[in-house]
Amino acid sequence: MEGTIFSLIPAIIMLVLVLLTRKVLLSLGIGIIVGALFIHDFNILKSIKEIWNVFIGIFVSDEALNTGEIQLIGFLLLLGIMTAFLQASGGSKAFGDWMISKIKTRRGAQLMAPIFGIIIFIDDYFNALAVGQIARPITDRYNISRAKLAYYIDSTSAPVTVIAPVSSWGAYLIGLIGALVTMIGLHPLEAFIKMIPYNFYAIGAILLVFLVAFFDINIGPMKKHEDRAIETGEVIPKGKTVPGDLSNAFEPSKNGKVLHLVVPIIVLLITTVGLMFLTGALASGDTVTLFSIFENTNVNFSLFYGGVAAVITSLILYLTQGKHNVKTSLVFIEGIKAMLPAIYILILAWMIGSIISALQTGEYLAQLVENMNIGTGFLPVIFFIISGFMALATGTSWGTFGIMLPIAANIMSIADPSLIIPSLAAVLAGAVFGDHVSPISDTTVLSSTGAGANHIDHVLTQLPYALTVAAASAVGYLIVGLTNSLLFGLLVTLIIIVATAILVSRFNKN
């Protein structure tokens with residue numbers, strides 16, 4: 001069943017179950033089981049062995065530890081411990097009190113999150129987790145739902161890094177398109193920069209975030225979460241499993257100061273970014289440039305040891321407070337427990353990603369594109385749609401880039417070389433869109449984790465916003481394909497997004 005239409009079934013079953021049951025672990029588990037059965041033609045023993053091998057493969061492959069995955073899991077545990085210390089020390093409460101004196105309105109609190117999201121553009125993982133730690137105390141104080149915060153984080157992580165040349169994504173993409181753009185006489189960096197204004201989804205998603213924050217636009221399920229937060233002060237629905245939430249775990253210290261939150265986060269930022277530059281420089285060989293550093297940097301290593309430094313700092317600050325209401329050992333335990341739900345989801349997401357990869361779902365969708373016999377003017381929007389569905393089904397935008405970019409470049413080099421840049425940009429945009437709406441995407445998991453939001457609540461509340469931008473982007477790519485006009489396509493895309501935001505804003509007021 002590999003590489004056929006049947007390879008889509010496990011992904012579809014998983015997505016349907018997520019929407020119907022809202023139980024992500026159950027849905028992922030069933031998707032994994034069905035996928036393994038498909039791989040081995042319903043041989044139960046071989047399927048069980050496949051599931052076990054996929055699980056073990058997360059931690060060990062080729063008789064060596066997969067340090068990247070282990071370090072990311074370790075960083076999540078460290079993040080939970082650091083968050084627990086920020087809570088127990090009273091740092092989160094003190095920071096919230098201080099920010100209340102600086103940010104006077106609910107609108108200002110909402111705008112703060114996407115602004116930080118744009119400032120911290122180096123890596124999407126780092127963005128998602130760092131912005132949540134900074135923004136959560138103030139958004140909680142202004143009764144902004146965690147689902148809304150997760151949307152702000154998710155929509156300013158991948159959309160920003162995918163158009164930032166100096167980022168882990170930018171470096172990866174510049175390296176990936178290097179051989180693809182020589183056919184049209186462009187340097188890889190030049191081609192990447194030319195692709196930026198054609199990335200309609202990334203630009204539109206960032207625009208919509210600021211419109212939503214400024215006008216307090218709540219579409220679909222988000223309105224329910226925001227209304228509850230405003231009316232009752234509950235930023236999280238009662239009874240929902242939320243990673244990183246420690247609001248009821250223990251009473252924060254009354255001696256907390258802003259430095260108890262700010263200093264550990266600054267240590268996290270400086271250590272992580274410093275290690276990203278150091279590991280990238282060491283791996284660049286004789287020629288060390290800014291782009292070679294980001295191309296070769298070890299993000300998970302940097303995150304892990306940045307987390308270690310931040311936990312040590314927060315521990316020292318906590319111990320120097322003197323008498324505590326909470327034992328230090330309990331802070332560690334509660335911090336680890338708080339992150340376990342996110343880790344369970346992430347591990348199962350990796351597992352189903354491996355299963356779907358073995359089923360060659362991405363290759364099947366790519367083959368569909370190559371076999372399509374349609375006008376070249378429709379190809380950019382087709383690349384956008386197929387890339388979106390591929391990233392949605394597989395949960396990986398980077399995997400989608402690797403499969404779809406060469407296909408788009410090869411097809412357009414023959415069909416219409418003038419549309420190579422728009423088509424490559426459409427692949428990037430589609431992959432980010434699919435990544436946004438996929439419950440098994442690691443960036444989606446980490447965005448809900450960073451915000452302290454229920455994962456499925458984040459997926460469902462973000463969906464209407466992502467679909468709005470995707471629909472506008474699809475129209476834009478259709479216009480670009482038919483007219484070869486960047487300005488016309490981008491303008492129409494942005495007008496649709498702004499018009500939709502205005503209409504929804506007026507409807508909400510009524």
# chains A, B, ... in the order shown; residues from 1 in each chain; ligands from 1
$ residues_around --residues "Gly170 of chain A" --least-positions-apart "5" --cutoff "9 Å" --atoms "only C-alpha atoms" --output "ChimeraX atom specification"
/A:161-165,175,192,291,294-295
$ write_last_selection --atoms "N, CA and C atoms" --output "PDB file, in the first residue's frame"
ATOM      1  N   THR A 161      10.275  32.799  10.673  1.00  0.00           N
ATOM      2  CA  THR A 161      11.556  32.148  10.360  1.00  0.00           C
ATOM      3  C   THR A 161      11.651  31.726   8.905  1.00  0.00           C
ATOM      4  N   VAL A 162      10.509  31.438   8.257  1.00  0.00           N
ATOM      5  CA  VAL A 162      10.553  30.978   6.863  1.00  0.00           C
ATOM      6  C   VAL A 162      10.891  32.115   5.899  1.00  0.00           C
ATOM      7  N   ILE A 163      10.751  33.367   6.341  1.00  0.00           N
ATOM      8  CA  ILE A 163      11.117  34.500   5.467  1.00  0.00           C
ATOM      9  C   ILE A 163      12.323  35.261   6.015  1.00  0.00           C
ATOM     10  N   ALA A 164      12.979  34.701   7.038  1.00  0.00           N
ATOM     11  CA  ALA A 164      14.161  35.348   7.618  1.00  0.00           C
ATOM     12  C   ALA A 164      15.416  34.628   7.128  1.00  0.00           C
ATOM     13  N   PRO A 165      16.232  35.277   6.300  1.00  0.00           N
ATOM     14  CA  PRO A 165      17.449  34.600   5.814  1.00  0.00           C
ATOM     15  C   PRO A 165      18.378  34.188   6.947  1.00  0.00           C
ATOM     16  N   GLY A 175      20.336  26.503   1.526  1.00  0.00           N
ATOM     17  CA  GLY A 175      21.108  25.337   1.108  1.00  0.00           C
ATOM     18  C   GLY A 175      20.317  24.412   0.206  1.00  0.00           C
ATOM     19  N   PHE A 192      16.401  33.278  -2.538  1.00  0.00           N
ATOM     20  CA  PHE A 192      15.609  33.247  -1.307  1.00  0.00           C
ATOM     21  C   PHE A 192      14.980  34.609  -1.046  1.00  0.00           C
ATOM     22  N   PHE A 291      25.706  32.903   7.356  1.00  0.00           N
ATOM     23  CA  PHE A 291      24.804  31.908   6.782  1.00  0.00           C
ATOM     24  C   PHE A 291      25.298  30.489   7.031  1.00  0.00           C
ATOM     25  N   PHE A 294      24.261  29.492  10.631  1.00  0.00           N
ATOM     26  CA  PHE A 294      22.866  29.087  10.795  1.00  0.00           C
ATOM     27  C   PHE A 294      22.543  27.806  10.029  1.00  0.00           C
ATOM     28  N   GLU A 295      23.307  27.535   8.994  1.00  0.00           N
ATOM     29  CA  GLU A 295      23.098  26.294   8.244  1.00  0.00           C
ATOM     30  C   GLU A 295      23.575  25.089   9.040  1.00  0.00           C
TER      31      GLU A 295
END
$ residues_around --residues "Gly185 of chain A" --least-positions-apart "5" --cutoff "12 Å" --atoms "only C-alpha atoms" --output "list in words"
Gly178, Ala179, Leu180, Glu190, Ala191, Ser413, Pro417, Ser418, Ile420 and Ile421 of chain A
$ write_last_selection --atoms "N, CA and C atoms" --output "compact mmCIF listing (two decimals), in the first residue's frame"
# COMPACT_ATOMS: atom_id res chain seq x y z
N GLY A 178 19.82 25.80 -3.41
CA GLY A 178 21.06 26.17 -4.10
C GLY A 178 21.16 25.60 -5.51
N ALA A 179 21.01 24.29 -5.61
CA ALA A 179 21.14 23.63 -6.92
C ALA A 179 19.92 23.85 -7.80
N LEU A 180 18.80 24.24 -7.20
CA LEU A 180 17.56 24.36 -7.96
C LEU A 180 17.46 25.67 -8.74
N GLU A 190 20.17 35.22 -3.19
CA GLU A 190 19.37 36.13 -4.03
C GLU A 190 18.00 35.53 -4.33
N ALA A 191 17.99 34.23 -4.64
CA ALA A 191 16.72 33.57 -4.93
C ALA A 191 15.82 33.55 -3.70
N SER A 413 10.87 24.66 -14.63
CA SER A 413 12.00 24.94 -15.52
C SER A 413 11.68 24.54 -16.95
N PRO A 417 9.84 28.91 -16.98
CA PRO A 417 10.92 29.33 -16.06
C PRO A 417 10.63 30.63 -15.32
N SER A 418 9.79 31.51 -15.89
CA SER A 418 9.49 32.78 -15.23
C SER A 418 8.69 32.58 -13.94
N ILE A 420 9.33 30.02 -11.73
CA ILE A 420 10.06 29.17 -10.79
C ILE A 420 10.04 29.78 -9.38
N ILE A 421 10.40 31.04 -9.26
CA ILE A 421 10.46 31.70 -7.95
C ILE A 421 9.08 31.71 -7.28
$ select_by_dssp --residues "segment 68-163 of chain A" --states "helix (DSSP H, G or I)" --output "PDB file with N, CA and C atoms, in the first residue's frame"
ATOM      1  N   GLY A  68      19.595  14.425  19.142  1.00  0.00           N
ATOM      2  CA  GLY A  68      18.739  15.568  18.847  1.00  0.00           C
ATOM      3  C   GLY A  68      17.374  15.444  19.493  1.00  0.00           C
ATOM      4  N   GLU A  69      16.731  14.292  19.299  1.00  0.00           N
ATOM      5  CA  GLU A  69      15.407  14.072  19.871  1.00  0.00           C
ATOM      6  C   GLU A  69      15.472  14.013  21.404  1.00  0.00           C
ATOM      7  N   ILE A  70      16.492  13.343  21.920  1.00  0.00           N
ATOM      8  CA  ILE A  70      16.640  13.229  23.378  1.00  0.00           C
ATOM      9  C   ILE A  70      16.863  14.608  24.000  1.00  0.00           C
ATOM     10  N   GLN A  71      17.671  15.428  23.339  1.00  0.00           N
ATOM     11  CA  GLN A  71      17.930  16.774  23.855  1.00  0.00           C
ATOM     12  C   GLN A  71      16.678  17.636  23.820  1.00  0.00           C
ATOM     13  N   LEU A  72      15.841  17.489  22.786  1.00  0.00           N
ATOM     14  CA  LEU A  72      14.614  18.274  22.733  1.00  0.00           C
ATOM     15  C   LEU A  72      13.660  17.856  23.860  1.00  0.00           C
ATOM     16  N   ILE A  73      13.521  16.553  24.082  1.00  0.00           N
ATOM     17  CA  ILE A  73      12.697  16.077  25.198  1.00  0.00           C
ATOM     18  C   ILE A  73      13.266  16.584  26.521  1.00  0.00           C
ATOM     19  N   GLY A  74      14.600  16.515  26.651  1.00  0.00           N
ATOM     20  CA  GLY A  74      15.249  17.019  27.856  1.00  0.00           C
ATOM     21  C   GLY A  74      14.992  18.501  28.054  1.00  0.00           C
ATOM     22  N   PHE A  75      15.015  19.261  26.957  1.00  0.00           N
ATOM     23  CA  PHE A  75      14.753  20.696  27.073  1.00  0.00           C
ATOM     24  C   PHE A  75      13.332  20.963  27.550  1.00  0.00           C
ATOM     25  N   LEU A  76      12.374  20.181  27.074  1.00  0.00           N
ATOM     26  CA  LEU A  76      10.995  20.360  27.527  1.00  0.00           C
ATOM     27  C   LEU A  76      10.885  20.103  29.035  1.00  0.00           C
ATOM     28  N   LEU A  77      11.554  19.079  29.511  1.00  0.00           N
ATOM     29  CA  LEU A  77      11.549  18.811  30.956  1.00  0.00           C
ATOM     30  C   LEU A  77      12.206  19.959  31.725  1.00  0.00           C
ATOM     31  N   LEU A  78      13.314  20.452  31.199  1.00  0.00           N
ATOM     32  CA  LEU A  78      13.995  21.582  31.837  1.00  0.00           C
ATOM     33  C   LEU A  78      13.119  22.833  31.817  1.00  0.00           C
ATOM     34  N   LEU A  79      12.409  23.025  30.716  1.00  0.00           N
ATOM     35  CA  LEU A  79      11.508  24.173  30.616  1.00  0.00           C
ATOM     36  C   LEU A  79      10.407  24.085  31.670  1.00  0.00           C
ATOM     37  N   GLY A  80       9.884  22.864  31.879  1.00  0.00           N
ATOM     38  CA  GLY A  80       8.880  22.674  32.904  1.00  0.00           C
ATOM     39  C   GLY A  80       9.420  22.985  34.290  1.00  0.00           C
ATOM     40  N   ILE A  81      10.655  22.546  34.563  1.00  0.00           N
ATOM     41  CA  ILE A  81      11.278  22.811  35.865  1.00  0.00           C
ATOM     42  C   ILE A  81      11.503  24.309  36.042  1.00  0.00           C
ATOM     43  N   MET A  82      12.022  24.973  34.983  1.00  0.00           N
ATOM     44  CA  MET A  82      12.251  26.413  35.074  1.00  0.00           C
ATOM     45  C   MET A  82      10.939  27.153  35.326  1.00  0.00           C
ATOM     46  N   THR A  83       9.879  26.756  34.590  1.00  0.00           N
ATOM     47  CA  THR A  83       8.568  27.379  34.776  1.00  0.00           C
ATOM     48  C   THR A  83       8.075  27.203  36.206  1.00  0.00           C
ATOM     49  N   ALA A  84       8.313  26.020  36.786  1.00  0.00           N
ATOM     50  CA  ALA A  84       7.898  25.763  38.169  1.00  0.00           C
ATOM     51  C   ALA A  84       8.631  26.683  39.136  1.00  0.00           C
ATOM     52  N   PHE A  85       9.917  26.896  38.903  1.00  0.00           N
ATOM     53  CA  PHE A  85      10.668  27.808  39.770  1.00  0.00           C
ATOM     54  C   PHE A  85      10.200  29.254  39.603  1.00  0.00           C
ATOM     55  N   LEU A  86       9.882  29.644  38.365  1.00  0.00           N
ATOM     56  CA  LEU A  86       9.375  31.004  38.140  1.00  0.00           C
ATOM     57  C   LEU A  86       8.062  31.211  38.886  1.00  0.00           C
ATOM     58  N   GLN A  87       7.254  30.146  38.932  1.00  0.00           N
ATOM     59  CA  GLN A  87       5.970  30.217  39.640  1.00  0.00           C
ATOM     60  C   GLN A  87       6.181  30.197  41.148  1.00  0.00           C
ATOM     61  N   ALA A  88       6.983  29.247  41.641  1.00  0.00           N
ATOM     62  CA  ALA A  88       7.170  29.086  43.085  1.00  0.00           C
ATOM     63  C   ALA A  88       7.880  30.275  43.712  1.00  0.00           C
ATOM     64  N   GLY A  91       8.175  34.926  40.836  1.00  0.00           N
ATOM     65  CA  GLY A  91       8.673  35.736  39.734  1.00  0.00           C
ATOM     66  C   GLY A  91       7.619  36.021  38.683  1.00  0.00           C
ATOM     67  N   SER A  92       6.808  34.992  38.355  1.00  0.00           N
ATOM     68  CA  SER A  92       5.763  35.178  37.351  1.00  0.00           C
ATOM     69  C   SER A  92       4.743  36.210  37.823  1.00  0.00           C
ATOM     70  N   LYS A  93       4.352  36.133  39.095  1.00  0.00           N
ATOM     71  CA  LYS A  93       3.376  37.088  39.637  1.00  0.00           C
ATOM     72  C   LYS A  93       3.959  38.496  39.677  1.00  0.00           C
ATOM     73  N   ALA A  94       5.213  38.603  40.095  1.00  0.00           N
ATOM     74  CA  ALA A  94       5.861  39.914  40.163  1.00  0.00           C
ATOM     75  C   ALA A  94       6.001  40.533  38.775  1.00  0.00           C
ATOM     76  N   PHE A  95       6.351  39.707  37.791  1.00  0.00           N
ATOM     77  CA  PHE A  95       6.480  40.204  36.420  1.00  0.00           C
ATOM     78  C   PHE A  95       5.126  40.668  35.901  1.00  0.00           C
ATOM     79  N   GLY A  96       4.079  39.888  36.200  1.00  0.00           N
ATOM     80  CA  GLY A  96       2.738  40.279  35.785  1.00  0.00           C
ATOM     81  C   GLY A  96       2.327  41.603  36.396  1.00  0.00           C
ATOM     82  N   ASP A  97       2.619  41.789  37.681  1.00  0.00           N
ATOM     83  CA  ASP A  97       2.299  43.050  38.356  1.00  0.00           C
ATOM     84  C   ASP A  97       3.059  44.219  37.724  1.00  0.00           C
ATOM     85  N   TRP A  98       4.337  43.976  37.416  1.00  0.00           N
ATOM     86  CA  TRP A  98       5.167  45.033  36.816  1.00  0.00           C
ATOM     87  C   TRP A  98       4.676  45.392  35.415  1.00  0.00           C
ATOM     88  N   MET A  99       4.340  44.370  34.627  1.00  0.00           N
ATOM     89  CA  MET A  99       3.872  44.629  33.268  1.00  0.00           C
ATOM     90  C   MET A  99       2.513  45.329  33.263  1.00  0.00           C
ATOM     91  N   ILE A 100       1.696  45.047  34.268  1.00  0.00           N
ATOM     92  CA  ILE A 100       0.410  45.735  34.378  1.00  0.00           C
ATOM     93  C   ILE A 100       0.625  47.242  34.494  1.00  0.00           C
ATOM     94  N   SER A 101       1.689  47.616  35.181  1.00  0.00           N
ATOM     95  CA  SER A 101       1.975  49.046  35.338  1.00  0.00           C
ATOM     96  C   SER A 101       2.519  49.668  34.061  1.00  0.00           C
ATOM     97  N   LYS A 102       3.045  48.834  33.162  1.00  0.00           N
ATOM     98  CA  LYS A 102       3.615  49.333  31.910  1.00  0.00           C
ATOM     99  C   LYS A 102       2.637  49.219  30.757  1.00  0.00           C
ATOM    100  N   ARG A 106      -5.759  45.784  27.508  1.00  0.00           N
ATOM    101  CA  ARG A 106      -5.805  44.401  27.044  1.00  0.00           C
ATOM    102  C   ARG A 106      -5.244  44.307  25.621  1.00  0.00           C
ATOM    103  N   ARG A 107      -5.490  45.338  24.831  1.00  0.00           N
ATOM    104  CA  ARG A 107      -4.940  45.374  23.466  1.00  0.00           C
ATOM    105  C   ARG A 107      -3.421  45.368  23.501  1.00  0.00           C
ATOM    106  N   GLY A 108      -2.843  46.153  24.397  1.00  0.00           N
ATOM    107  CA  GLY A 108      -1.391  46.194  24.511  1.00  0.00           C
ATOM    108  C   GLY A 108      -0.817  44.847  24.900  1.00  0.00           C
ATOM    109  N   ALA A 109      -1.512  44.143  25.795  1.00  0.00           N
ATOM    110  CA  ALA A 109      -1.057  42.815  26.201  1.00  0.00           C
ATOM    111  C   ALA A 109      -1.101  41.843  25.024  1.00  0.00           C
ATOM    112  N   GLN A 110      -2.134  41.969  24.192  1.00  0.00           N
ATOM    113  CA  GLN A 110      -2.239  41.082  23.033  1.00  0.00           C
ATOM    114  C   GLN A 110      -1.170  41.396  21.990  1.00  0.00           C
ATOM    115  N   LEU A 111      -0.865  42.678  21.806  1.00  0.00           N
ATOM    116  CA  LEU A 111       0.141  43.058  20.811  1.00  0.00           C
ATOM    117  C   LEU A 111       1.548  42.652  21.244  1.00  0.00           C
ATOM    118  N   MET A 112       1.766  42.560  22.553  1.00  0.00           N
ATOM    119  CA  MET A 112       3.094  42.228  23.052  1.00  0.00           C
ATOM    120  C   MET A 112       3.569  40.864  22.556  1.00  0.00           C
ATOM    121  N   ALA A 113       2.666  39.873  22.545  1.00  0.00           N
ATOM    122  CA  ALA A 113       3.062  38.503  22.171  1.00  0.00           C
ATOM    123  C   ALA A 113       3.580  38.427  20.734  1.00  0.00           C
ATOM    124  N   PRO A 114       2.838  38.921  19.722  1.00  0.00           N
ATOM    125  CA  PRO A 114       3.387  38.845  18.363  1.00  0.00           C
ATOM    126  C   PRO A 114       4.619  39.707  18.139  1.00  0.00           C
ATOM    127  N   ILE A 115       4.733  40.810  18.874  1.00  0.00           N
ATOM    128  CA  ILE A 115       5.939  41.632  18.739  1.00  0.00           C
ATOM    129  C   ILE A 115       7.165  40.843  19.193  1.00  0.00           C
ATOM    130  N   PHE A 116       7.059  40.180  20.343  1.00  0.00           N
ATOM    131  CA  PHE A 116       8.161  39.324  20.801  1.00  0.00           C
ATOM    132  C   PHE A 116       8.399  38.184  19.815  1.00  0.00           C
ATOM    133  N   GLY A 117       7.319  37.678  19.211  1.00  0.00           N
ATOM    134  CA  GLY A 117       7.445  36.597  18.239  1.00  0.00           C
ATOM    135  C   GLY A 117       8.276  36.989  17.035  1.00  0.00           C
ATOM    136  N   ILE A 118       8.163  38.240  16.623  1.00  0.00           N
ATOM    137  CA  ILE A 118       8.951  38.725  15.483  1.00  0.00           C
ATOM    138  C   ILE A 118      10.393  39.006  15.902  1.00  0.00           C
ATOM    139  N   ILE A 119      10.563  39.511  17.121  1.00  0.00           N
ATOM    140  CA  ILE A 119      11.921  39.818  17.600  1.00  0.00           C
ATOM    141  C   ILE A 119      12.754  38.547  17.741  1.00  0.00           C
ATOM    142  N   ASP A 124      12.220  28.470  15.151  1.00  0.00           N
ATOM    143  CA  ASP A 124      10.802  28.349  15.487  1.00  0.00           C
ATOM    144  C   ASP A 124      10.592  27.652  16.837  1.00  0.00           C
ATOM    145  N   TYR A 125      11.382  26.629  17.146  1.00  0.00           N
ATOM    146  CA  TYR A 125      11.257  25.962  18.438  1.00  0.00           C
ATOM    147  C   TYR A 125      11.543  26.963  19.568  1.00  0.00           C
ATOM    148  N   PHE A 126      12.673  27.629  19.431  1.00  0.00           N
ATOM    149  CA  PHE A 126      13.091  28.592  20.443  1.00  0.00           C
ATOM    150  C   PHE A 126      12.060  29.705  20.586  1.00  0.00           C
ATOM    151  N   ASN A 127      11.555  30.170  19.462  1.00  0.00           N
ATOM    152  CA  ASN A 127      10.526  31.216  19.454  1.00  0.00           C
ATOM    153  C   ASN A 127       9.304  30.770  20.245  1.00  0.00           C
ATOM    154  N   ALA A 128       8.785  29.584  19.905  1.00  0.00           N
ATOM    155  CA  ALA A 128       7.538  29.108  20.501  1.00  0.00           C
ATOM    156  C   ALA A 128       7.637  28.988  22.015  1.00  0.00           C
ATOM    157  N   LEU A 129       8.765  28.494  22.495  1.00  0.00           N
ATOM    158  CA  LEU A 129       8.891  28.240  23.920  1.00  0.00           C
ATOM    159  C   LEU A 129       9.313  29.484  24.709  1.00  0.00           C
ATOM    160  N   ALA A 130      10.146  30.323  24.106  1.00  0.00           N
ATOM    161  CA  ALA A 130      10.609  31.521  24.809  1.00  0.00           C
ATOM    162  C   ALA A 130       9.517  32.573  24.908  1.00  0.00           C
ATOM    163  N   VAL A 131       8.799  32.804  23.810  1.00  0.00           N
ATOM    164  CA  VAL A 131       7.750  33.832  23.811  1.00  0.00           C
ATOM    165  C   VAL A 131       6.664  33.480  24.823  1.00  0.00           C
ATOM    166  N   GLY A 132       6.344  32.196  24.930  1.00  0.00           N
ATOM    167  CA  GLY A 132       5.330  31.784  25.896  1.00  0.00           C
ATOM    168  C   GLY A 132       5.714  32.138  27.322  1.00  0.00           C
ATOM    169  N   GLN A 133       6.984  31.906  27.661  1.00  0.00           N
ATOM    170  CA  GLN A 133       7.449  32.214  29.017  1.00  0.00           C
ATOM    171  C   GLN A 133       7.396  33.712  29.308  1.00  0.00           C
ATOM    172  N   ILE A 134       7.685  34.532  28.300  1.00  0.00           N
ATOM    173  CA  ILE A 134       7.700  35.977  28.490  1.00  0.00           C
ATOM    174  C   ILE A 134       6.284  36.548  28.540  1.00  0.00           C
ATOM    175  N   ALA A 135       5.432  36.068  27.640  1.00  0.00           N
ATOM    176  CA  ALA A 135       4.119  36.697  27.468  1.00  0.00           C
ATOM    177  C   ALA A 135       3.048  36.169  28.421  1.00  0.00           C
ATOM    178  N   ARG A 136       3.184  34.925  28.872  1.00  0.00           N
ATOM    179  CA  ARG A 136       2.100  34.293  29.629  1.00  0.00           C
ATOM    180  C   ARG A 136       1.687  35.047  30.897  1.00  0.00           C
ATOM    181  N   PRO A 137       2.641  35.551  31.707  1.00  0.00           N
ATOM    182  CA  PRO A 137       2.201  36.256  32.922  1.00  0.00           C
ATOM    183  C   PRO A 137       1.308  37.467  32.638  1.00  0.00           C
ATOM    184  N   ILE A 138       1.624  38.223  31.587  1.00  0.00           N
ATOM    185  CA  ILE A 138       0.838  39.426  31.312  1.00  0.00           C
ATOM    186  C   ILE A 138      -0.470  39.101  30.612  1.00  0.00           C
ATOM    187  N   THR A 139      -0.475  38.117  29.699  1.00  0.00           N
ATOM    188  CA  THR A 139      -1.741  37.767  29.045  1.00  0.00           C
ATOM    189  C   THR A 139      -2.707  37.126  30.041  1.00  0.00           C
ATOM    190  N   ASP A 140      -2.176  36.377  31.003  1.00  0.00           N
ATOM    191  CA  ASP A 140      -3.036  35.816  32.055  1.00  0.00           C
ATOM    192  C   ASP A 140      -3.664  36.931  32.890  1.00  0.00           C
ATOM    193  N   ARG A 141      -2.893  37.962  33.194  1.00  0.00           N
ATOM    194  CA  ARG A 141      -3.409  39.036  34.042  1.00  0.00           C
ATOM    195  C   ARG A 141      -4.502  39.845  33.351  1.00  0.00           C
ATOM    196  N   ARG A 146      -5.450  31.236  26.888  1.00  0.00           N
ATOM    197  CA  ARG A 146      -4.209  30.571  26.467  1.00  0.00           C
ATOM    198  C   ARG A 146      -4.299  30.136  25.001  1.00  0.00           C
ATOM    199  N   ALA A 147      -5.503  29.826  24.531  1.00  0.00           N
ATOM    200  CA  ALA A 147      -5.672  29.465  23.118  1.00  0.00           C
ATOM    201  C   ALA A 147      -5.290  30.638  22.224  1.00  0.00           C
ATOM    202  N   LYS A 148      -5.651  31.852  22.631  1.00  0.00           N
ATOM    203  CA  LYS A 148      -5.302  33.047  21.860  1.00  0.00           C
ATOM    204  C   LYS A 148      -3.798  33.259  21.873  1.00  0.00           C
ATOM    205  N   LEU A 149      -3.179  33.077  23.034  1.00  0.00           N
ATOM    206  CA  LEU A 149      -1.723  33.220  23.127  1.00  0.00           C
ATOM    207  C   LEU A 149      -1.019  32.192  22.257  1.00  0.00           C
ATOM    208  N   ALA A 150      -1.511  30.956  22.251  1.00  0.00           N
ATOM    209  CA  ALA A 150      -0.906  29.913  21.410  1.00  0.00           C
ATOM    210  C   ALA A 150      -0.989  30.282  19.938  1.00  0.00           C
ATOM    211  N   TYR A 151      -2.120  30.882  19.544  1.00  0.00           N
ATOM    212  CA  TYR A 151      -2.262  31.341  18.147  1.00  0.00           C
ATOM    213  C   TYR A 151      -1.227  32.409  17.825  1.00  0.00           C
ATOM    214  N   TYR A 152      -1.046  33.377  18.728  1.00  0.00           N
ATOM    215  CA  TYR A 152      -0.054  34.426  18.491  1.00  0.00           C
ATOM    216  C   TYR A 152       1.347  33.835  18.357  1.00  0.00           C
ATOM    217  N   ILE A 153       1.659  32.875  19.220  1.00  0.00           N
ATOM    218  CA  ILE A 153       2.992  32.259  19.189  1.00  0.00           C
ATOM    219  C   ILE A 153       3.201  31.480  17.895  1.00  0.00           C
ATOM    220  N   ASP A 154       2.243  30.631  17.553  1.00  0.00           N
ATOM    221  CA  ASP A 154       2.384  29.765  16.381  1.00  0.00           C
ATOM    222  C   ASP A 154       2.459  30.570  15.091  1.00  0.00           C
ATOM    223  N   ALA A 158       6.987  29.944  12.756  1.00  0.00           N
ATOM    224  CA  ALA A 158       7.322  29.482  11.400  1.00  0.00           C
ATOM    225  C   ALA A 158       7.124  30.566  10.340  1.00  0.00           C
ATOM    226  N   PRO A 159       6.031  31.350  10.345  1.00  0.00           N
ATOM    227  CA  PRO A 159       5.884  32.389   9.317  1.00  0.00           C
ATOM    228  C   PRO A 159       7.000  33.428   9.331  1.00  0.00           C
ATOM    229  N   VAL A 160       7.585  33.689  10.496  1.00  0.00           N
ATOM    230  CA  VAL A 160       8.687  34.647  10.560  1.00  0.00           C
ATOM    231  C   VAL A 160       9.995  33.992  10.132  1.00  0.00           C
ATOM    232  N   THR A 161      10.275  32.799  10.673  1.00  0.00           N
ATOM    233  CA  THR A 161      11.556  32.148  10.360  1.00  0.00           C
ATOM    234  C   THR A 161      11.651  31.726   8.905  1.00  0.00           C
TER     235      THR A 161
END
$ closest_residue --among "A:Ile177, A:Leu26, A:Met390, A:Ile374" --to "Gln360 of chain A" --atoms "only C-alpha atoms"
A:Met390
$ closest_residue --among "A:Val459, A:Val504, A:Leu269, A:Leu65" --to "Phe121 of chain A" --atoms "only C-alpha atoms"
A:Leu269
$ closest_residue --among "A:Leu45, A:Met195, A:Ala11, A:Ile266" --to "Val427 of chain A" --atoms "only C-alpha atoms"
A:Met195
$ closest_residue --among "A:Trp169, A:Ser27, A:Val273, A:Thr105" --to "Ala213 of chain A" --atoms "only C-alpha atoms"
A:Thr105
$ residues_around --residues "Phe384 of chain A" --least-positions-apart "3" --cutoff "12 Å" --atoms "only C-alpha atoms" --output "number ranges by chain"
A: 198-201, 366, 369, 378-381, 387-391, 400-401, 404-405, 408, 422-434, 470-478, 481
$ residues_around --residues "Leu211 of chain A" --least-positions-apart "6" --cutoff "12 Å" --atoms "only C-alpha atoms" --output "list of chain:residue names"
A:Arg107, A:Gln110, A:Leu111, A:Pro114, A:Tyr152, A:Gly204, A:Ala205, A:Ile217, A:Asn218, A:Tyr465, A:Leu494, A:Ile497, A:Val498, A:Ala499, A:Thr500, A:Ala501, A:Ile502, A:Leu503, A:Val504, A:Ser505
$ closest_residue --among "A:Gly35, A:Gly402, A:Pro237, A:Gly395" --to "Trp350 of chain A" --atoms "only C-alpha atoms"
A:Gly395
